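The file start_19.cif comes next; it holds mmCIF, C-alpha atoms.
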```cif
data_entry
loop_
_atom_site.label_atom_id
_atom_site.label_comp_id
_atom_site.auth_asym_id
_atom_site.auth_seq_id
_atom_site.Cartn_x
_atom_site.Cartn_y
_atom_site.Cartn_z
CA MET Z 1 0.00 0.00 0.00
CA GLY Z 2 1.51 3.34 -1.06
CA SER Z 3 1.68 6.50 0.98
CA THR Z 4 -1.37 8.73 0.90
CA LEU Z 5 0.78 11.78 1.66
CA LEU Z 6 1.37 14.39 -1.04
CA SER Z 7 4.64 16.27 -1.07
CA ARG Z 8 4.54 19.91 -2.18
CA ASN Z 9 7.07 22.70 -2.25
CA ILE Z 10 6.33 25.79 -0.19
CA VAL Z 11 8.27 28.92 0.65
CA VAL Z 12 8.66 29.58 4.37
CA SER Z 13 10.34 32.81 5.45
CA GLY Z 14 11.81 33.15 1.97
CA HIS Z 15 13.26 29.63 1.91
CA ARG Z 16 11.93 26.83 -0.28
CA THR Z 17 11.12 23.60 1.53
CA SER Z 18 8.78 20.67 1.06
CA MET Z 19 6.00 19.39 3.21
CA ARG Z 20 4.08 16.12 3.10
CA LEU Z 21 0.41 16.20 4.01
CA GLU Z 22 -2.70 14.19 3.31
CA PRO Z 23 -4.80 15.48 0.37
CA ASP Z 24 -7.57 16.60 2.75
CA MET Z 25 -5.04 18.60 4.77
CA TRP Z 26 -3.79 20.34 1.60
CA ARG Z 27 -7.40 21.15 0.66
CA ALA Z 28 -8.11 22.46 4.17
CA LEU Z 29 -4.98 24.64 4.09
CA ALA Z 30 -5.99 26.02 0.68
CA ASP Z 31 -9.50 26.71 1.99
CA ILE Z 32 -8.12 28.58 5.01
CA ALA Z 33 -5.75 30.59 2.80
CA GLU Z 34 -8.61 31.62 0.51
CA ARG Z 35 -10.91 32.43 3.42
CA GLU Z 36 -8.23 34.59 5.04
CA GLY Z 37 -6.96 36.25 1.86
CA ARG Z 38 -3.46 34.82 2.29
CA SER Z 39 -1.25 32.45 0.32
CA LEU Z 40 -0.27 28.96 1.46
CA HIS Z 41 3.27 30.29 1.81
CA GLU Z 42 2.13 33.11 4.10
CA LEU Z 43 0.13 30.73 6.30
CA CYS Z 44 3.00 28.27 6.58
CA THR Z 45 5.40 31.11 7.41
CA MET Z 46 3.08 32.28 10.20
CA VAL Z 47 2.81 28.76 11.59
CA HIS Z 48 6.59 28.32 11.33
CA ARG Z 49 7.25 31.50 13.30
CA LEU Z 50 4.86 30.48 16.08
CA ARG Z 51 5.70 26.80 16.41
CA ARG Z 52 7.64 25.56 19.39
CA ARG Z 53 9.41 22.23 19.17
CA SER Z 54 7.36 20.37 16.60
CA SER Z 55 8.08 19.90 12.93
CA LEU Z 56 6.49 22.31 10.47
CA THR Z 57 4.25 19.56 9.10
CA SER Z 58 2.97 18.71 12.56
CA ALA Z 59 2.49 22.38 13.43
CA VAL Z 60 0.49 22.92 10.22
CA ARG Z 61 -1.79 19.97 11.04
CA VAL Z 62 -2.40 21.36 14.54
CA PHE Z 63 -3.05 24.83 13.06
CA ILE Z 64 -5.64 23.42 10.63
CA LEU Z 65 -7.39 21.63 13.50
CA SER Z 66 -7.28 24.77 15.65
CA TYR Z 67 -8.66 26.92 12.84
CA TYR Z 68 -11.66 24.68 12.24
CA ARG Z 69 -12.30 24.21 15.96
CA THR Z 70 -12.32 28.00 16.33
CA LEU Z 71 -14.72 28.26 13.39
CA ALA Z 72 -17.03 25.63 14.89
CA ARG Z 73 -17.07 27.37 18.28
CA ASP Z 74 -17.80 30.74 16.68
CA LEU Z 75 -20.64 29.33 14.62
CA GLU Z 76 -22.16 27.75 17.73
CA ARG Z 77 -22.06 31.13 19.49
CA ARG Z 78 -23.53 32.99 16.51
CA THR Z 79 -27.09 31.80 16.79
CA GLY Z 80 -30.12 34.00 17.00
CA GLY Z 81 -32.93 33.49 19.46
CA ASP Z 82 -34.59 31.13 16.99
CA GLY Z 83 -31.45 29.00 16.61
CA ALA Z 84 -30.67 30.28 13.10
CA LEU Z 85 -26.99 30.86 12.40
CA ILE Z 86 -25.87 34.45 12.04
CA ALA Z 87 -22.61 34.79 10.11
CA ASP Z 88 -20.84 37.37 8.02
CA ALA Z 89 -17.65 37.13 5.99
CA GLU Z 90 -15.62 39.40 8.28
CA ALA Z 91 -16.62 37.42 11.38
CA LEU Z 92 -15.33 34.23 9.75
CA ARG Z 93 -11.76 35.56 9.49
CA LEU Z 94 -10.33 33.45 12.26
CA LEU Z 95 -6.65 33.45 11.47
CA PRO Z 96 -5.51 35.62 14.39
CA ARG Z 97 -7.44 33.60 16.97
CA ALA Z 98 -6.48 30.25 15.42
CA LEU Z 99 -2.83 31.30 15.70
CA GLY Z 100 -3.37 32.59 19.24
CA LEU Z 101 -2.70 36.21 18.23
CA PRO Z 102 -4.71 39.32 19.07
CA GLN Z 103 -4.85 40.69 15.48
CA LEU Z 104 -3.04 40.36 12.16
CA PRO Z 105 -2.46 43.15 9.66
CA SER Z 106 -4.39 43.09 6.39
CA PRO Z 107 -2.63 41.30 3.51
CA VAL Z 108 -0.58 43.56 1.25
#
```
Turn this file's structure into structure tokens for me.
Amino acid sequence: MGSTLLSRNIVVSGHRTSMRLEPDMWRALADIAEREGRSLHELCTMVHRLRRRSSLTSAVRVFILSYYRTLARDLERRTGGDGALIADAEALRLLPRALGLPQLPSPV
């Protein structure tokens, strides 16, 4: 049985490197990048700068999980009195909170 991991080149802090992730993880990372108006390279650089002792690949997986957990919690809190979800595009920009930061500057 072959590996289900896909290797892709990314640029982290101006340096080219490769990362191996499952296809669903790559899709999730691309979705987050689009949602946040950032590139995959920018997201991976942010994660790299904030990671502690883990590998970049592991830190990216944890970031993806944290991002979607934050999104799920926010959506649960954004219900009206009738239980209907209330959401707007700006409220769904979760990158700062998913990274544990107070606020990020707008992309250039």
For the provided coordinates, the residues matched by the PyMOL selection byres ((chain Z and resi 23) around 12) should be stated as JSON, numbers by chain. {"Z": [3, 4, 5, 6, 7, 8, 19, 20, 21, 22, 24, 25, 26, 27, 28, 29, 30, 61]}
Residues near range 48-53 of chain Z, anyone? I mean within 9 Å using only C-alpha atoms, not counting same-chain ones fewer than 3 positions away, as a ChimeraX atom specification. /Z:12-13,43-45,56,59-60,99
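Between CA of Arg77 in chain Z and CA of Met46 in chain Z the interatomic distance comes to 26.8 Å.
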Once you add 8 Å to each side, what are the centre and edge lengths of the axis-aligned box holding all listed atoms of range 64-71 of chain Z? One decimal in Å, as lines of an AutoDock Vina configuration file, if you can.
```
center_x = -10.2
center_y = 24.9
center_z = 13.5
size_x = 25.1
size_y = 22.6
size_z = 21.7
```
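Shortest atom-to-atom contact with His15 in chain Z among Z:Ala72, Z:Ala33, Z:Glu42, Z:Pro96: Z:Glu42, counting only C-alpha atoms.
Distance-wise, CA of Gly37 in chain Z and CA of Arg16 in chain Z end up 21.2 Å apart.
Ranking Z:Ser18, Z:Tyr67, Z:Arg35, Z:Arg73 by their shortest atom-to-atom distance to Ser55 in chain Z, with only C-alpha atoms included, puts Z:Ser18 first.
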Find the distance between CA of Asp74 in chain Z and CA of Val47 in chain Z and write it in Å to one decimal.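 Separating CA of Asp74 in chain Z from CA of Val47 in chain Z is a distance of 21.3 Å.
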